[in-house]
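For reference, the structure is listed below as structure tokens.
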Amino acid sequence: MNYRALGRTGIEVSEIGYGAWGIGGAMWGGADDDESIQALQRAIDVGLNFIDTALAYGRGRSERLVGQVMRERAETIYVATKVPPKNLIWPAPAGIPVEDAYPGDHIRTSAERSLSNLGLERIDLLQLHVWSDEWTDQGDWRETVEALRAEGKIGFFGISINDHQPGNALRVVESGAVDTVQVIYNVFDQSPEDELFPACREHGVGVIARVPLDEGGLTGRIGPDTEFADDDFRSDYFGGERKRELGERIDAIAADLGISADELAEVALRFVLSEPTVSSVIPGMRSVRNVERNVAVSDGRGIPDGWREQLRAHRWVRNFYE
């Protein structure tokens, strides 16, 4: 496993992190706790030291599983979690005052609930689960964050940027108020490269890349006949003609690079890691098999010469979350 600096925090995190949304079960067609624990344990066995979860993932279920594993291990593992918006609106709409989503008392209450779920005394990285750049100079969220930091309840602070809105965090990055940002970045959505990544480099802000496999779309395993359970959000995410269009684009990538569909997930992760601004990429991993396949990408070999430029042609501007 290779490690990278998490911005200006002074810590180094595994370049492959653990995205723990799926193990919460909700919206992913269920999850098996024993299998999730085995996957987490195996990830740590092979050198992963960064886990990203959230209070909203399975109403604390993901945090509790992460905390259980953390307490069983002697290794230094960095845990990031997220504060849900008080109004429970994802993503944050424009024009909503910060008091509706993140009044200081809500941030504190949520952080303390996460600490209880995790069974820890300190959260390494606390993030706001949605963000609107209008909030940069509003409300008392900054004072609350600094108080939690002074009390030793959190180490660092960041935000999770609204889906496909990397430009909606430039003000807060430039303000110095955040240590990290979490953003969708993958072969299809390359837009963080335009403005966000240069700003993060200038201000020493760490970047956590989420959805590197486009919720499974960049694994090559979703086709026109793929069916999802009713309680799996991907039944809507890949609804209508989206699976057909996805299939056409996957075929085009495979043909362009001369690879099989089975190789696509590895290439997609290598694409994300070929961007030096990225500190860690956090694919979801609910099985030991997925852990081993994803972590194997952290082998120092990077992406084959010329492939990154070829993949630039496959940028796909869309928002399946809407």
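Naming works like this for the structure tokens: A, B, ... for the chains as they're shown, residue 1 at the start of each chain, ligands 1 onward in shown order.
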
Just asking: which residues within segment 130-202 of chain A are alpha helix (DSSP H) according to DSSP, as a ChimeraX atom specification? /A:141-150,170-175,196-202

Can you tell me which residues surround Glu75 of chain A at a distance of at most 10 Å, considering only C-alpha atoms, apart from same-chain residues fewer than 6 positions away, and format the answer as a PyMOL selection string? chain A and resi 44-45+47-49

Counting only C-alpha atoms, the residue among A:Ile123, A:Ile303, A:Leu218, A:Val69 that lies closest to Leu273 of chain A is A:Ile303

Picked from segment 96-223 of chain A by DSSP as strand (DSSP E), as a list of chain:residue names: A:Ile123, A:Asp124, A:Leu125, A:Leu126, A:Gln127, A:Leu128, A:Ile154, A:Gly155, A:Phe156, A:Phe157, A:Gly158, A:Ile159, A:Ser160, A:Thr180, A:Val181, A:Gln182, A:Val183, A:Ile184, A:Gly206, A:Val207, A:Ile208, A:Ala209, A:Arg210

Just how far from atom CA of Gly240 of chain A is atom CA of Asn168 of chain A, in Å to one decimal?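 Going from atom CA of Asn168 of chain A over to atom CA of Gly240 of chain A, I get 28.6 Å.
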
Determine, using only C-alpha atoms, which residues of segment 88-130 of chain A have any atom at most 12 Å from an atom of segment 169-187 of chain A, and tabulate each with its shortest atom pair and distance in Å to one decimal place, rows ordered by chain and then rising number, as a tab-separated table.
```
residue	atom	partner	partner_atom	distance
A:Asp124	CA	A:Asp179	CA	11.3
A:Leu125	CA	A:Thr180	CA	8.6
A:Leu126	CA	A:Thr180	CA	9.6
A:Gln127	CA	A:Val181	CA	8.3
A:Leu128	CA	A:Val181	CA	9.6
A:His129	CA	A:Gln182	CA	9.2
A:Val130	CA	A:Gln182	CA	10.0
```

Calculated over only C-alpha atoms, which of the candidates A:Leu88, A:Ala39, A:Ile154, A:Leu120 has the smallest distance to Arg108 of chain A?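 Counting only C-alpha atoms, the residue closest to Arg108 of chain A is A:Ile154.
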
Determine the nearest neighbour of Ile161 of chain A from the options A:Ala254, A:Ile23, A:Ala209, A:Val281, counting only C-alpha atoms.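 Between A:Ala254, A:Ile23, A:Ala209, A:Val281, the residue approaching Ile161 of chain A most closely is A:Ala209.
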
I want to know what sits within 12 Å of Arg59 of chain A, based on only C-alpha atoms, with residues of the same chain fewer than 5 positions away left out; could you give that as a ChimeraX atom specification? /A:21,23-27,53-54,64-65,82-84,110,113-114,117

Dump N, CA, C and O atoms for the selected residues as a short mmCIF file (atom, residue, chain, number, x, y, z; two decimals), in the first residue's frame?
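So result.cif came out as:
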```cif
data_model
loop_
_atom_site.label_atom_id
_atom_site.label_comp_id
_atom_site.auth_asym_id
_atom_site.auth_seq_id
_atom_site.Cartn_x
_atom_site.Cartn_y
_atom_site.Cartn_z
N TRP A 21 -20.16 3.54 3.07
CA TRP A 21 -21.60 3.74 2.88
C TRP A 21 -22.31 2.40 2.74
O TRP A 21 -23.31 2.11 3.42
N ILE A 23 -21.76 -0.62 3.73
CA ILE A 23 -21.91 -1.53 4.86
C ILE A 23 -22.99 -1.07 5.83
O ILE A 23 -23.40 -1.82 6.71
N GLY A 24 -23.48 0.16 5.64
CA GLY A 24 -24.61 0.61 6.44
C GLY A 24 -25.90 -0.06 6.04
O GLY A 24 -26.88 -0.03 6.79
N GLY A 25 -25.92 -0.64 4.83
CA GLY A 25 -27.07 -1.40 4.37
C GLY A 25 -28.13 -0.58 3.69
O GLY A 25 -28.61 -0.93 2.61
N ALA A 26 -28.54 0.52 4.27
CA ALA A 26 -29.62 1.33 3.71
C ALA A 26 -29.27 1.83 2.32
O ALA A 26 -28.16 2.32 2.09
N MET A 27 -30.20 1.66 1.39
CA MET A 27 -30.10 2.15 0.01
C MET A 27 -29.19 1.28 -0.87
O MET A 27 -29.03 1.55 -2.05
N THR A 53 -16.83 7.07 6.84
CA THR A 53 -18.20 6.66 7.15
C THR A 53 -19.05 7.90 7.36
O THR A 53 -18.65 9.01 7.01
N ALA A 54 -20.24 7.74 7.93
CA ALA A 54 -21.14 8.88 8.18
C ALA A 54 -22.22 8.46 9.15
O ALA A 54 -22.64 7.29 9.18
N ARG A 64 -20.99 2.04 13.75
CA ARG A 64 -20.84 1.03 14.80
C ARG A 64 -19.95 -0.12 14.34
O ARG A 64 -19.13 -0.63 15.12
N LEU A 65 -20.10 -0.54 13.11
CA LEU A 65 -19.25 -1.61 12.57
C LEU A 65 -17.80 -1.15 12.48
O LEU A 65 -16.88 -1.89 12.85
N LYS A 82 -19.25 11.98 9.01
CA LYS A 82 -19.93 13.17 8.48
C LYS A 82 -21.16 13.50 9.31
O LYS A 82 -21.85 12.62 9.81
N VAL A 83 -21.41 14.80 9.40
CA VAL A 83 -22.59 15.33 10.08
C VAL A 83 -23.70 15.51 9.05
O VAL A 83 -23.53 16.25 8.07
N PRO A 84 -24.85 14.86 9.24
CA PRO A 84 -25.94 15.06 8.29
C PRO A 84 -26.53 16.45 8.44
O PRO A 84 -26.46 17.05 9.52
N SER A 110 -24.43 15.92 16.70
CA SER A 110 -24.15 14.85 15.74
C SER A 110 -22.75 14.28 15.96
O SER A 110 -22.56 13.05 15.89
N ARG A 113 -22.82 12.03 18.91
CA ARG A 113 -23.50 10.77 18.60
C ARG A 113 -22.58 9.86 17.80
O ARG A 113 -22.54 8.64 18.04
N SER A 114 -21.82 10.44 16.88
CA SER A 114 -20.87 9.63 16.12
C SER A 114 -19.78 9.06 17.02
O SER A 114 -19.38 7.90 16.87
N ASN A 117 -21.30 6.10 18.67
CA ASN A 117 -21.42 4.96 17.75
C ASN A 117 -20.07 4.29 17.52
O ASN A 117 -19.96 3.06 17.48
#
```

A:Gly284, A:Gly220, A:Gly67, A:Gly139 ranked by distance to Val98 of chain A, top pick (using only C-alpha atoms):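 The answer is A:Gly139, which sits nearest to Val98 of chain A.
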
Segment 72-124 of chain A near segment 9-14 of chain A within 12 Å: what's each residue's closest atom pair and its distance in Å to one decimal, counting only C-alpha atoms, ordered by chain then ascending residue number, as a Markdown table?
```
| residue | atom | partner | partner_atom | distance |
| --- | --- | --- | --- | --- |
| A:Thr76 | CA | A:Val13 | CA | 10.1 |
| A:Ile77 | CA | A:Val13 | CA | 8.8 |
| A:Tyr78 | CA | A:Val13 | CA | 7.6 |
| A:Val79 | CA | A:Val13 | CA | 10.3 |
| A:Ala80 | CA | A:Val13 | CA | 11.3 |
| A:Asp124 | CA | A:Ile11 | CA | 10.2 |
```

Taking only C-alpha atoms into account, name the residue in A:Asp189, A:Asp256, A:Glu322, A:Asp305 that is nearest to Phe238 of chain A.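 Smallest separation from Phe238 of chain A among the options: A:Glu322.
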
Counting only C-alpha atoms, the residue of A:Pro85, A:Pro103, A:Gly300, A:Gly17 that sits nearest Asp52 of chain A: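 So, comparing all the options, the nearest one is A:Gly17.
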